[in-house]
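Enquirer: The file below is my_file-v1.txt, compact mmCIF, C-alpha atoms:
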# COMPACT_ATOMS: atom_id res chain seq x y z
CA MET A 1 14.77 -9.37 35.41
CA ASP A 2 14.31 -7.02 32.48
CA ALA A 3 11.27 -4.80 32.59
CA MET A 4 8.23 -6.05 30.80
CA GLN A 5 6.93 -3.82 28.05
CA TYR A 6 3.20 -3.49 27.36
CA GLU A 7 1.61 -2.61 24.04
CA ALA A 8 -2.06 -2.35 23.10
CA PRO A 9 -2.17 -2.14 19.30
CA GLY A 10 -5.34 -1.11 17.48
CA SER A 11 -5.03 -3.51 14.56
CA VAL A 12 -4.06 -7.10 13.82
CA ASP A 13 -1.25 -5.96 11.52
CA GLU A 14 0.27 -3.84 14.29
CA ALA A 15 -0.02 -6.74 16.73
CA VAL A 16 1.69 -9.13 14.32
CA ALA A 17 4.47 -6.62 13.63
CA LEU A 18 5.09 -6.17 17.36
CA LEU A 19 5.14 -9.93 18.00
CA ALA A 20 7.34 -10.68 15.00
CA ALA A 21 9.87 -8.04 16.03
CA ALA A 22 10.06 -9.31 19.60
CA ASP A 23 11.98 -12.44 18.69
CA GLY A 24 10.09 -14.96 20.79
CA ALA A 25 10.06 -12.99 24.04
CA ALA A 26 6.53 -11.70 23.45
CA TRP A 27 3.21 -13.04 24.69
CA VAL A 28 -0.28 -12.27 23.51
CA LEU A 29 -2.61 -10.99 26.21
CA ALA A 30 -6.32 -11.56 25.63
CA GLY A 31 -8.26 -12.07 28.87
CA GLY A 32 -5.07 -12.55 30.87
CA THR A 33 -6.65 -15.13 33.15
CA ASP A 34 -3.92 -17.66 32.33
CA LEU A 35 -1.13 -15.26 31.30
CA LEU A 36 -1.03 -13.28 34.55
CA VAL A 37 -1.11 -16.44 36.65
CA GLN A 38 1.84 -17.89 34.72
CA LEU A 39 3.70 -14.60 34.84
CA ARG A 40 3.31 -14.24 38.58
CA ALA A 41 4.30 -17.85 39.15
CA ASP A 42 7.50 -17.11 37.17
CA LEU A 43 6.58 -19.76 34.62
CA ILE A 44 6.99 -17.21 31.84
CA GLU A 45 9.03 -14.03 31.63
CA PRO A 46 7.76 -11.94 28.75
CA GLY A 47 9.83 -9.05 27.46
CA LEU A 48 6.72 -7.81 25.73
CA VAL A 49 3.01 -8.33 26.30
CA VAL A 50 0.74 -7.49 23.38
CA ASP A 51 -2.81 -6.79 24.53
CA ILE A 52 -5.24 -7.69 21.72
CA LYS A 53 -8.42 -6.67 23.57
CA GLY A 54 -8.36 -3.24 21.93
CA ILE A 55 -8.57 -4.65 18.39
CA SER A 56 -12.24 -4.24 17.49
CA GLU A 57 -12.41 -7.02 14.88
CA LEU A 58 -11.22 -9.50 17.51
CA ARG A 59 -14.13 -8.53 19.77
CA ALA A 60 -16.94 -9.22 17.28
CA ILE A 61 -19.30 -12.15 16.73
CA THR A 62 -20.38 -12.12 13.07
CA PRO A 63 -22.92 -14.45 11.42
CA GLU A 64 -21.35 -16.04 8.35
CA ASN A 65 -23.01 -18.49 5.92
CA GLY A 66 -25.30 -19.86 8.60
CA GLY A 67 -22.45 -20.18 11.09
CA PHE A 68 -20.58 -17.68 13.22
CA ARG A 69 -17.15 -16.09 13.13
CA ILE A 70 -16.13 -15.37 16.71
CA GLY A 71 -13.30 -12.95 17.39
CA ALA A 72 -10.45 -14.46 19.41
CA ALA A 73 -10.85 -11.84 22.15
CA VAL A 74 -14.61 -12.37 22.66
CA THR A 75 -15.19 -13.21 26.31
CA GLY A 76 -17.12 -16.10 27.79
CA ALA A 77 -19.72 -13.69 29.13
CA GLU A 78 -20.22 -12.13 25.68
CA LEU A 79 -20.54 -15.54 24.04
CA GLY A 80 -22.98 -16.68 26.73
CA GLU A 81 -25.24 -13.73 26.04
CA HIS A 82 -25.30 -14.26 22.27
CA GLU A 83 -28.66 -15.90 21.56
CA GLY A 84 -27.69 -16.76 17.98
CA VAL A 85 -24.63 -18.81 18.85
CA LYS A 86 -26.42 -20.38 21.83
CA ALA A 87 -29.24 -21.62 19.61
CA VAL A 88 -26.96 -23.18 17.00
CA TRP A 89 -23.96 -24.35 19.07
CA PRO A 90 -25.22 -24.77 22.66
CA GLY A 91 -22.41 -27.20 23.50
CA VAL A 92 -19.67 -24.74 22.55
CA VAL A 93 -21.32 -22.00 24.61
CA GLU A 94 -21.82 -24.22 27.66
CA ALA A 95 -18.19 -25.36 27.47
CA MET A 96 -16.91 -21.77 27.39
CA GLU A 97 -19.26 -20.77 30.21
CA LEU A 98 -17.88 -23.51 32.46
CA ILE A 99 -14.50 -21.79 32.57
CA GLY A 100 -13.84 -20.10 35.90
CA SER A 101 -15.99 -17.73 37.87
CA VAL A 102 -18.13 -14.72 37.02
CA GLN A 103 -15.03 -12.51 37.12
CA ILE A 104 -13.09 -14.88 34.88
CA GLN A 105 -16.02 -15.08 32.44
CA GLY A 106 -15.87 -11.33 32.00
CA ARG A 107 -12.26 -11.56 30.83
CA ALA A 108 -11.44 -15.06 29.55
CA THR A 109 -11.60 -15.59 25.80
CA LEU A 110 -12.16 -18.41 23.36
CA GLY A 111 -8.88 -17.62 21.60
CA GLY A 112 -6.99 -17.57 24.88
CA ASN A 113 -8.41 -20.88 26.02
CA LEU A 114 -7.32 -22.39 22.71
CA CYS A 115 -3.82 -20.89 22.61
CA ASN A 116 -3.05 -21.54 26.28
CA ALA A 117 -3.06 -25.17 25.10
CA SER A 118 -4.05 -26.76 28.37
CA PRO A 119 -5.03 -30.41 27.84
CA ALA A 120 -7.98 -29.68 30.15
CA ALA A 121 -9.24 -26.55 28.32
CA ASP A 122 -13.04 -26.78 28.37
CA SER A 123 -13.85 -25.01 25.13
CA VAL A 124 -11.41 -26.98 22.99
CA PRO A 125 -13.15 -30.41 22.88
CA ALA A 126 -16.42 -28.61 22.08
CA LEU A 127 -14.74 -26.65 19.25
CA ILE A 128 -13.13 -29.82 17.90
CA ALA A 129 -16.46 -31.68 17.96
CA ALA A 130 -17.97 -28.66 16.16
CA GLU A 131 -15.28 -28.97 13.46
CA ALA A 132 -14.39 -25.33 14.07
CA LEU A 133 -11.69 -23.64 12.03
CA CYS A 134 -9.56 -20.77 13.19
CA SER A 135 -7.92 -17.97 11.26
CA VAL A 136 -4.27 -17.41 12.04
CA VAL A 137 -2.52 -14.21 10.98
CA GLY A 138 1.24 -13.86 10.99
CA PRO A 139 4.12 -12.16 9.17
CA LYS A 140 3.47 -14.40 6.13
CA GLY A 141 -0.24 -13.60 5.93
CA ARG A 142 -3.44 -15.37 6.84
CA ARG A 143 -4.15 -19.10 6.98
CA GLU A 144 -7.01 -21.25 8.20
CA VAL A 145 -6.38 -24.21 10.43
CA ALA A 146 -8.60 -26.75 12.18
CA VAL A 147 -8.94 -26.00 15.89
CA ALA A 148 -7.75 -29.56 16.56
CA GLU A 149 -4.37 -28.66 15.02
CA VAL A 150 -3.61 -25.64 17.24
CA ALA A 151 -2.49 -27.31 20.47
CA THR A 152 0.33 -29.81 20.05
CA GLY A 153 0.90 -30.64 23.72
CA PRO A 154 0.57 -29.07 27.16
CA GLY A 155 1.30 -25.34 26.70
CA GLU A 156 2.59 -25.94 23.16
CA THR A 157 0.96 -24.80 19.91
CA SER A 158 1.61 -25.09 16.20
CA LEU A 159 1.62 -21.29 15.83
CA GLY A 160 4.75 -19.86 14.26
CA PRO A 161 6.69 -16.80 15.47
CA GLY A 162 4.52 -13.69 15.27
CA GLU A 163 1.36 -15.65 14.53
CA ILE A 164 -1.89 -15.06 16.39
CA VAL A 165 -5.31 -16.67 16.25
CA VAL A 166 -7.70 -13.90 15.21
CA ASP A 167 -11.03 -15.69 15.04
CA ILE A 168 -12.80 -19.01 15.25
CA LEU A 169 -15.35 -20.10 12.68
CA LEU A 170 -18.26 -22.25 13.81
CA PRO A 171 -19.81 -23.79 10.69
CA GLU A 172 -23.43 -23.83 9.59
CA ARG A 173 -25.72 -26.48 11.07
CA PRO A 174 -28.40 -28.47 9.25
CA ALA A 175 -31.78 -29.16 10.86
CA ARG A 176 -31.89 -31.73 13.69
CA ALA A 177 -28.31 -31.03 14.73
CA ALA A 178 -27.01 -30.28 18.21
CA ASP A 179 -23.97 -30.50 20.43
CA ALA A 180 -23.29 -30.83 24.14
CA TYR A 181 -20.31 -30.59 26.48
CA LEU A 182 -19.95 -32.10 29.93
CA ARG A 183 -17.01 -32.07 32.27
CA PHE A 184 -16.37 -33.62 35.61
CA ILE A 185 -14.83 -31.64 38.48
CA PRO A 186 -14.93 -32.43 42.20
CA ARG A 187 -16.87 -29.25 43.01
CA THR A 188 -19.47 -27.36 41.00
CA GLU A 189 -17.44 -24.26 40.08
CA MET A 190 -13.92 -22.96 39.77
CA ASP A 191 -11.99 -26.11 39.01
CA ILE A 192 -10.13 -27.71 36.14
CA ALA A 193 -11.64 -30.59 34.20
CA VAL A 194 -10.80 -34.10 35.36
CA VAL A 195 -12.41 -35.22 32.11
CA GLY A 196 -14.36 -33.27 29.50
CA VAL A 197 -16.44 -34.74 26.68
CA ALA A 198 -18.06 -33.00 23.71
CA VAL A 199 -20.52 -34.67 21.36
CA SER A 200 -21.91 -33.12 18.20
CA LEU A 201 -24.44 -34.98 16.07
CA VAL A 202 -26.87 -34.63 13.17
CA LEU A 203 -30.04 -36.72 12.82
CA ASP A 204 -31.89 -37.46 9.58
CA GLU A 205 -35.71 -37.21 9.15
CA ARG A 206 -36.14 -40.70 10.62
CA GLY A 207 -34.11 -39.88 13.70
CA VAL A 208 -31.10 -41.89 12.57
CA CYS A 209 -27.73 -40.37 13.43
CA ALA A 210 -26.24 -39.27 10.11
CA GLN A 211 -23.10 -37.50 11.37
CA ALA A 212 -21.30 -37.36 14.69
CA ARG A 213 -18.08 -36.07 16.20
CA VAL A 214 -16.85 -36.88 19.69
CA ALA A 215 -13.92 -35.14 21.40
CA LEU A 216 -12.34 -35.75 24.79
CA GLY A 217 -10.45 -33.33 27.04
CA ALA A 218 -8.04 -33.85 29.95
CA VAL A 219 -7.31 -37.48 29.07
CA ALA A 220 -4.29 -36.94 26.79
CA PRO A 221 -1.58 -34.30 26.18
CA ARG A 222 -4.12 -32.44 24.05
CA ALA A 223 -7.84 -32.69 23.34
CA LEU A 224 -8.62 -35.74 21.21
CA LEU A 225 -11.06 -36.28 18.37
CA VAL A 226 -12.28 -39.89 18.69
CA PRO A 227 -13.68 -41.13 15.36
CA GLU A 228 -14.28 -44.62 16.83
CA ALA A 229 -16.62 -43.12 19.40
CA ALA A 230 -18.48 -41.17 16.71
CA ALA A 231 -18.74 -44.34 14.60
CA ALA A 232 -20.68 -46.01 17.43
CA LEU A 233 -23.40 -43.38 17.00
CA ILE A 234 -23.56 -43.06 13.22
CA GLY A 235 -26.11 -45.14 11.33
CA GLY A 236 -28.40 -45.94 14.26
CA THR A 237 -30.97 -44.27 16.50
CA VAL A 238 -28.50 -43.75 19.36
CA ASP A 239 -30.01 -46.54 21.45
CA ASP A 240 -28.57 -48.01 24.61
CA ASP A 241 -26.37 -50.42 22.72
CA ALA A 242 -24.86 -47.55 20.68
CA LEU A 243 -24.27 -45.53 23.83
CA GLU A 244 -22.44 -48.45 25.42
CA ARG A 245 -20.23 -48.82 22.34
CA LEU A 246 -19.64 -45.06 22.43
CA ALA A 247 -18.57 -45.27 26.08
CA ALA A 248 -16.25 -48.19 25.35
CA ALA A 249 -14.63 -46.32 22.44
CA ALA A 250 -14.21 -43.20 24.59
CA ARG A 251 -12.53 -45.24 27.34
CA ALA A 252 -10.27 -46.96 24.81
CA ALA A 253 -9.05 -43.60 23.46
CA CYS A 254 -7.96 -42.27 26.86
CA ARG A 255 -4.27 -41.81 27.53
CA PRO A 256 -4.48 -39.83 30.78
CA ILE A 257 -2.03 -39.19 33.57
CA ASP A 258 -2.38 -39.71 37.32
CA ASP A 259 -2.50 -36.42 39.18
CA MET A 260 -4.15 -34.80 42.17
CA ARG A 261 -7.43 -34.54 40.28
CA GLY A 262 -7.76 -38.18 39.33
CA THR A 263 -6.03 -41.46 38.53
CA VAL A 264 -5.66 -43.03 35.11
CA ALA A 265 -8.32 -45.63 35.95
CA TYR A 266 -10.73 -43.06 37.30
CA ARG A 267 -10.37 -40.67 34.37
CA THR A 268 -10.85 -43.53 31.92
CA LYS A 269 -14.03 -44.70 33.61
CA VAL A 270 -15.43 -41.16 33.87
CA ALA A 271 -14.74 -40.53 30.16
CA GLY A 272 -17.11 -43.36 29.27
CA VAL A 273 -19.82 -42.13 31.64
CA LEU A 274 -19.61 -38.53 30.42
CA ALA A 275 -19.60 -39.59 26.76
CA ARG A 276 -22.90 -41.40 27.30
CA ARG A 277 -24.44 -38.48 29.12
CA ALA A 278 -23.20 -35.84 26.66
CA ALA A 279 -24.52 -37.89 23.73
CA GLY A 280 -27.87 -38.13 25.52
CA ILE A 281 -28.04 -34.36 25.91
CA ALA A 282 -27.01 -33.69 22.31
CA LEU A 283 -29.60 -36.24 21.12
CA ALA A 284 -32.41 -34.65 23.13
CA ARG A 285 -31.45 -31.21 21.81
CA ALA A 286 -31.33 -32.45 18.20
CA ARG A 287 -34.74 -34.13 18.56
CA SER A 288 -36.34 -31.02 19.99
CA GLU A 289 -35.26 -28.88 17.04
CA MET B 1 12.46 -0.54 35.72
CA THR B 2 10.69 1.70 33.25
CA LYS B 3 7.55 3.17 34.70
CA VAL B 4 4.67 4.51 32.68
CA GLU B 5 2.34 7.32 33.61
CA ILE B 6 -1.34 6.44 33.60
CA VAL B 7 -4.54 7.85 35.03
CA LEU B 8 -6.96 5.44 36.68
CA THR B 9 -10.57 6.48 37.18
CA VAL B 10 -11.70 4.95 40.47
CA ASN B 11 -15.12 5.66 41.97
CA GLY B 12 -15.37 8.70 39.70
CA GLU B 13 -12.06 10.20 40.82
CA GLN B 14 -8.89 10.51 38.76
CA TYR B 15 -5.71 8.94 40.10
CA PRO B 16 -2.60 9.89 38.08
CA ILE B 17 0.00 7.22 38.94
CA LYS B 18 3.36 5.95 37.69
CA VAL B 19 3.61 2.18 37.49
CA GLU B 20 5.65 -0.60 35.93
CA PRO B 21 3.70 -2.26 33.12
CA ARG B 22 3.65 -5.54 35.03
CA ARG B 23 2.01 -4.03 38.12
CA THR B 24 -1.39 -5.59 38.67
CA LEU B 25 -4.51 -3.51 39.00
CA ALA B 26 -4.89 -4.79 42.57
CA ASP B 27 -1.42 -3.60 43.60
CA ALA B 28 -1.91 -0.27 41.82
CA LEU B 29 -5.22 0.34 43.60
CA ARG B 30 -3.77 -0.49 47.00
CA ASP B 31 -0.25 0.86 46.82
CA ASP B 32 -0.39 3.63 44.22
CA CYS B 33 -3.94 4.95 44.70
CA GLY B 34 -3.99 4.22 48.44
CA LEU B 35 -7.33 2.42 48.17
CA THR B 36 -6.69 -0.50 50.49
CA GLY B 37 -10.32 -1.61 50.68
CA THR B 38 -9.61 -4.03 47.85
CA HIS B 39 -8.04 -7.07 49.50
CA LEU B 40 -5.58 -9.52 48.04
CA GLY B 41 -5.91 -13.19 48.92
CA CYS B 42 -4.46 -15.80 46.60
CA GLU B 43 -3.07 -13.41 43.97
CA HIS B 44 -3.70 -15.95 41.23
CA GLY B 45 -7.34 -15.66 40.35
CA VAL B 46 -8.90 -18.25 42.61
CA CYS B 47 -10.24 -16.57 45.76
CA GLY B 48 -11.99 -13.46 44.42
CA ALA B 49 -11.02 -11.26 47.39
CA CYS B 50 -9.70 -8.59 45.01
CA THR B 51 -12.92 -8.33 42.96
CA VAL B 52 -13.64 -4.82 41.68
CA LEU B 53 -16.00 -3.59 38.97
CA VAL B 54 -14.61 -2.39 35.66
CA ASP B 55 -17.22 -1.11 33.21
CA ASP B 56 -19.69 -2.38 35.85
CA GLN B 57 -18.45 -5.96 35.41
CA PRO B 58 -16.86 -7.94 38.24
CA LEU B 59 -13.17 -8.50 37.60
CA ARG B 60 -10.35 -10.07 39.57
CA ALA B 61 -7.96 -7.16 40.06
CA CYS B 62 -5.02 -9.56 40.52
CA LEU B 63 -5.51 -10.83 36.95
CA GLY B 64 -5.08 -7.59 35.08
CA PHE B 65 -2.28 -5.09 34.58
CA ALA B 66 -3.09 -1.58 35.78
CA VAL B 67 -2.02 -0.20 32.38
CA GLN B 68 -4.88 -2.10 30.74
CA PHE B 69 -7.51 -0.12 32.58
CA GLU B 70 -6.63 3.45 31.81
CA GLY B 71 -9.85 5.26 30.90
CA ALA B 72 -12.16 2.50 32.13
CA PRO B 73 -14.48 3.29 35.04
CA ILE B 74 -13.29 1.26 38.04
CA ARG B 75 -15.43 0.81 41.14
CA THR B 76 -14.08 -0.42 44.46
CA VAL B 77 -15.59 -1.03 47.88
CA GLU B 78 -14.67 2.54 48.89
CA GLY B 79 -17.26 3.81 46.42
CA LEU B 80 -20.23 1.88 47.84
CA ALA B 81 -21.22 3.88 50.91
CA ASP B 82 -22.63 7.39 50.63
CA GLY B 83 -20.68 9.12 53.39
CA ASP B 84 -21.76 7.41 56.61
CA ARG B 85 -24.74 5.81 54.95
CA LEU B 86 -24.01 2.23 54.02
CA HIS B 87 -24.95 0.87 50.61
CA PRO B 88 -28.02 -1.42 50.95
CA LEU B 89 -25.77 -4.43 50.34
CA GLN B 90 -23.34 -3.35 53.06
CA GLN B 91 -26.28 -2.81 55.41
CA ALA B 92 -27.61 -6.27 54.56
CA PHE B 93 -24.20 -7.83 55.33
CA TRP B 94 -24.33 -6.06 58.71
CA ASP B 95 -27.92 -7.12 59.42
CA HIS B 96 -27.45 -10.76 58.39
CA HIS B 97 -23.97 -11.33 59.81
CA GLY B 98 -22.58 -11.70 56.32
CA LEU B 99 -19.03 -11.31 57.57
CA GLN B 100 -16.86 -12.85 60.24
CA CYS B 101 -13.19 -11.94 59.82
CA GLY B 102 -14.17 -9.63 56.97
CA TYR B 103 -11.22 -10.36 54.72
CA CYS B 104 -13.30 -11.63 51.81
CA THR B 105 -16.06 -9.04 52.30
CA PRO B 106 -14.98 -6.29 49.86
CA GLY B 107 -14.68 -8.91 47.12
CA PHE B 108 -18.07 -10.43 47.89
CA LEU B 109 -19.66 -6.97 48.03
CA MET B 110 -18.33 -5.96 44.61
CA LEU B 111 -19.19 -9.37 43.12
CA ALA B 112 -22.75 -9.14 44.42
CA VAL B 113 -23.22 -5.47 43.48
CA GLY B 114 -22.19 -6.34 39.94
CA ALA B 115 -24.53 -9.33 39.84
CA LEU B 116 -27.53 -7.44 41.26
CA GLU B 117 -27.04 -4.48 38.94
CA HIS B 118 -26.79 -6.83 35.97
CA ASN B 119 -29.88 -8.80 36.99
CA PRO B 120 -32.01 -7.37 39.84
CA ASP B 121 -34.34 -10.39 39.60
CA ILE B 122 -31.60 -13.00 39.88
CA ASP B 123 -32.99 -16.32 41.16
CA ASP B 124 -31.50 -18.37 43.97
CA GLU B 125 -29.75 -20.91 41.76
CA ALA B 126 -28.10 -18.23 39.64
CA LEU B 127 -27.15 -16.29 42.75
CA LYS B 128 -25.47 -19.34 44.29
CA ARG B 129 -23.56 -19.86 41.07
CA VAL B 130 -22.39 -16.24 41.12
CA LEU B 131 -21.38 -16.35 44.78
CA SER B 132 -19.42 -19.57 44.29
CA SER B 133 -16.93 -17.38 42.38
CA ASN B 134 -15.41 -16.22 45.67
CA LEU B 135 -14.02 -17.98 48.72
CA CYS B 136 -14.74 -17.25 52.40
CA ARG B 137 -12.25 -18.98 54.68
CA CYS B 138 -14.63 -18.50 57.63
CA THR B 139 -17.12 -20.49 55.52
CA GLY B 140 -19.87 -17.97 56.19
CA TYR B 141 -21.56 -18.67 52.90
CA GLN B 142 -25.13 -19.10 54.14
CA ASN B 143 -25.19 -15.67 55.74
CA ILE B 144 -23.57 -14.09 52.70
CA LEU B 145 -26.31 -15.64 50.57
CA LYS B 146 -28.99 -14.40 53.01
CA ALA B 147 -27.51 -10.90 52.98
CA VAL B 148 -27.39 -10.70 49.18
CA ARG B 149 -30.97 -11.97 48.91
CA ALA B 150 -32.12 -9.35 51.42
CA ALA B 151 -30.22 -6.64 49.56
CA ALA B 152 -31.81 -7.72 46.28
CA THR B 153 -35.23 -7.14 47.83
CA ALA B 154 -34.17 -3.84 49.43
CA LEU B 155 -32.69 -2.53 46.18
CA LYS B 156 -35.92 -3.18 44.31
CA ARG B 157 -37.97 -1.10 46.74
Let me see the structure of the file written as C-alpha cells.
Expert:
Amino acid sequence: MDAMQYEAPGSVDEAVALLAAADGAAWVLAGGTDLLVQLRADLIEPGLVVDIKGISELRAITPENGGFRIGAAVTGAELGEHEGVKAVWPGVVEAMELIGSVQIQGRATLGGNLCNASPAADSVPALIAAEALCSVVGPKGRREVAVAEVATGPGETSLGPGEIVVDILLPERPARAADAYLRFIPRTEMDIAVVGVAVSLVLDERGVCAQARVALGAVAPRALLVPEAAAALIGGTVDDDALERLAAAARAACRPIDDMRGTVAYRTKVAGVLARRAAGIALARARSE
Amino acid sequence: MTKVEIVLTVNGEQYPIKVEPRRTLADALRDDCGLTGTHLGCEHGVCGACTVLVDDQPLRACLGFAVQFEGAPIRTVEGLADGDRLHPLQQAFWDHHGLQCGYCTPGFLMLAVGALEHNPDIDDEALKRVLSSNLCRCTGYQNILKAVRAAATALKR
C-alpha cells in the first residue's frame, strides 16, 4: 500500500486545490469518526487526507437573516452548546447530539455526517425537514444545494471532484414554528438508527398547521422527504386523525432493507410510530413558543 | 513509508516522535511515546477504552491521526496521579470497586475526569449518559457509577 499523505490547509481554497490535484484518491477529514473507521477496515485507501478542522471559517456558527450558517467542521458538542441554534432549531440539534458518545460528539461534524452519506445518518433527516441548504466549494467556484440533494445513495454523494461542503444554512423561522427528531435504536446510546424521523412545522395564530416537512432516515438508500406525510398535517390542528394519516403516509414511503438491526416490516411499523411521536413533540414546542 | 516528525505534548511533557501520517494517536501514545496506560479495545470507536483528553475534551484516541494533534495538550491516565498520591477519581475507583479486570479503567477515568471538569455538578441522568459512552466487559457499571459520583463529591470539597 502506498503511504497516506496528510495535509491540514488553512483555507478553503487551499483545501480545494489539494483535493482537485489528488485525482480522486483524496478524502476530506473533518471529525474523522467515520473516515478512520473506514480506513482501518480497509474500506477506503486514501492517498491523501485533507484535514479541514484547521480552517477557521468552517468552525464558526454565524447568525444570518434570522437563521444560522453552520460551518461544516462544527462539532456536535459545539452545536449542542449553542443556545441560539437550540432555541430556533431544537430538532436539528437533538439529531446531531444523538450521534455517538461523548468522545464522538467532541469530534463528529454536521458536514461529515452529511457527506458520509449513510442512509441512517441522524442529522440528515432533521436538516432535510428544516429545508437546510449547504454551500459547496470546488474548482469551479461556489454553489448552493439543498441538503436533500447531497447524498445519492449509501456512501455516495453528488459532490464533484475537488468539491467540499463548507457550511450548512438553517433558514429563519417564523413564530409558532418548531422541529423535532426521534430515532429508534435497541439501546439508549451508541447505536445506528433503525429508523429516524424528523418533523418540522409552522402553526398559524389559530393553531392550524400552515407548513410542514417530514423526513425519514434509515428506511431507504438515502434520507427521504415525504410530502404526503407533511400533507396530512397541513391545514388542520394536528389532531389524532391527522397523526394517523401522517403515520400511514410515513409507512407507505418506506423502502427499507432487512438487516441485523431490523426487518422491513419492523422498520415500516416503527416509522409510523416515530412520525406520530415526533410530530407531537414538534407541535408541543411550536405551541409553547 | 514516509514518516513525519511531530512533537506531541502529553501530560505537559514534550514527546518528539517520527510517525507515518496514518498512525493513530492511540498507537503513537503507546508505541512511540511509551505511554501504555491508554488501552486499545475495539480500535474502531465503539468501546472507549482508548479515551484520552485533548484540549480537556474526551476523545477516542483510535479515531484520530497522531499528526492531527501536534501542539494540542493531551492528557492520559499517566498524568492523573500526583506521584504516589492517586487522583480523587482513581481513589474513588479503588474505594468503590470500580474496576474488575481493569482493562476499560483508563478510558473510564479519562472520560469521567473530562465530564467532571466540564460540569462539576453533573446530575445522575447526565452522568449515566456520559458513562454509557464506554464499555466494560466485566459489566461493572454500577460500581463505576458509584465511584464517579463519590469522586464528584470529593472533588468539590
Enquirer: Given all atoms listed in the file as the basis, pick out the residue of B:Arg129, B:Arg137, B:Arg149, B:Arg22 nearest to Gln68 in chain B.
Expert: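 Counting all atoms listed in the file, the residue closest to Gln68 in chain B is B:Arg22.
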Enquirer: Taking only residues of chain B that have an atom at most 12 Å from an atom of chain A, what is each one's shortest atom pair and its distance in Å to one decimal, using all atoms listed in the file, in chain and number order, as a tab-separated table?
Expert:
residue	atom	partner	partner_atom	distance
B:Met1	CA	A:Ala3	CA	5.4
B:Thr2	CA	A:Ala3	CA	6.6
B:Lys3	CA	A:Ala3	CA	9.0
B:Val4	CA	A:Tyr6	CA	9.7
B:Val19	CA	A:Ala3	CA	11.5
B:Glu20	CA	A:Ala3	CA	7.8
B:Pro21	CA	A:Tyr6	CA	5.9
B:Arg22	CA	A:Met4	CA	6.3
B:Arg23	CA	A:Met4	CA	9.8
B:Thr24	CA	A:Leu36	CA	8.7
B:Leu25	CA	A:Leu36	CA	11.3
B:Cys42	CA	A:Val37	CA	10.5
B:Glu43	CA	A:Val37	CA	8.2
B:His44	CA	A:Val37	CA	5.3
B:Gly45	CA	A:Thr33	CA	7.3
B:Val46	CA	A:Met190	CA	7.4
B:Cys47	CA	A:Met190	CA	9.5
B:Gly48	CA	A:Gln103	CA	8.0
B:Ala49	CA	A:Gln103	CA	11.1
B:Cys50	CA	A:Gln103	CA	10.3
B:Thr51	CA	A:Gln103	CA	7.5
B:Val52	CA	A:Gln103	CA	9.0
B:Leu53	CA	A:Gln103	CA	9.2
B:Val54	CA	A:Gly106	CA	9.7
B:Asp55	CA	A:Gly106	CA	10.4
B:Asp56	CA	A:Gly106	CA	10.5
B:Gln57	CA	A:Gly106	CA	6.9
B:Pro58	CA	A:Gln103	CA	5.0
B:Leu59	CA	A:Gln103	CA	4.4
B:Arg60	CA	A:Gln103	CA	5.8
B:Ala61	CA	A:Gln103	CA	9.3
B:Cys62	CA	A:Leu36	CA	8.1
B:Leu63	CA	A:Leu36	CA	5.6
B:Gly64	CA	A:Gly32	CA	6.5
B:Phe65	CA	A:Leu36	CA	8.3
B:Ala66	CA	A:Tyr6	CA	10.7
B:Val67	CA	A:Tyr6	CA	8.0
B:Gln68	CA	A:Asp51	CA	8.1
B:Phe69	CA	A:Gly54	CA	11.1
B:Glu70	CA	A:Ala8	CA	11.4
B:Gly107	CA	A:Gln103	CA	10.6
B:Phe108	CA	A:Gln103	CA	11.4
B:Met110	CA	A:Gln103	CA	10.5
B:Leu111	CA	A:Gln103	CA	7.9
B:Ala112	CA	A:Val102	CA	10.4
B:Gly114	CA	A:Val102	CA	9.8
B:Ala115	CA	A:Val102	CA	8.8
B:His118	CA	A:Val102	CA	11.8
B:Ala126	CA	A:Val102	CA	10.9
B:Leu127	CA	A:Val102	CA	10.8
B:Lys128	CA	A:Glu189	CA	10.3
B:Arg129	CA	A:Glu189	CA	7.6
B:Val130	CA	A:Val102	CA	6.1
B:Leu131	CA	A:Val102	CA	8.6
B:Ser132	CA	A:Glu189	CA	6.6
B:Ser133	CA	A:Ser101	CA	4.6
B:Asn134	CA	A:Ser101	CA	8.0
B:Leu135	CA	A:Met190	CA	10.2
Enquirer: In Å to one decimal, how far is CA of Val28 in chain A from CA of Lys86 in chain A?
Expert: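 Straight-line distance from CA of Lys86 in chain A to CA of Val28 in chain A works out to 27.4 Å.
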Enquirer: Show which residues sit within 12 Å of Leu79 in chain A, as number ranges by chain. Count all atoms listed in the file, and ignore same-chain residues fewer than 5 positions away.
Expert: A: 59-62, 68-74, 84-87, 89-98, 105-110, 123
Enquirer: Measuring atom to atom with all atoms listed in the file, identify which of A:Gly111, A:Gly47, A:Pro256, A:Gly76 is nearest to Asp167 in chain A.
Expert: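 Using all atoms listed in the file, the shortest distance to Asp167 in chain A belongs to A:Gly111.
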Enquirer: Which neighbours of Arg277 in chain A fall inside 12 Å, counting all atoms listed in the file, when residues of the same chain fewer than 4 positions from it are skipped, and could you give them as JSON, numbers by chain?
Expert: {"A": [179, 180, 181, 182, 183, 184, 196, 197, 198, 199, 238, 240, 243, 244, 246, 247, 270, 271, 272, 273, 281, 282, 283, 284]}
Enquirer: Contacts of Ala132 in chain A at 6 Å or less, counting all atoms listed in the file, minus same-chain residues fewer than 2 places along, as a PyMOL selection string?
Expert: chain A and resi 127+130+147+169-170
Enquirer: Now that the selection is made, can you save its residues with C-alpha atoms as a compact mmCIF listing (two decimals), in the coordinates of the input?
Expert:
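New file selection27.txt:
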# COMPACT_ATOMS: atom_id res chain seq x y z
CA LEU A 127 -14.74 -26.65 19.25
CA ALA A 130 -17.97 -28.66 16.16
CA VAL A 147 -8.94 -26.00 15.89
CA LEU A 169 -15.35 -20.10 12.68
CA LEU A 170 -18.26 -22.25 13.81
Enquirer: Could you check how far CA of Val77 in chain B sits from CA of Gly37 in chain B, in Å to one decimal?
Expert: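 The value is 6.0 Å.
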Enquirer: Calculate how many Å separate CA of Cys115 in chain A from CA of Leu18 in chain A, rounding to one decimal.
Expert: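 Separation of CA of Cys115 in chain A and CA of Leu18 in chain A: 18.0 Å.
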Enquirer: Please provide as a list of chain:residue names all residues within 9 Å of Leu8 in chain B, with the sequence filter that same-chain residues fewer than 3 positions apart are discarded (counting only C-alpha atoms).
Expert: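 Once the nearby chain positions are removed, what remains is B:Glu13, B:Gln14, B:Tyr15, B:Pro16, B:Ile17, B:Leu29, B:Cys33, B:Ala66, B:Val67, B:Phe69, B:Glu70, B:Gly71, B:Ala72, B:Pro73, B:Ile74.
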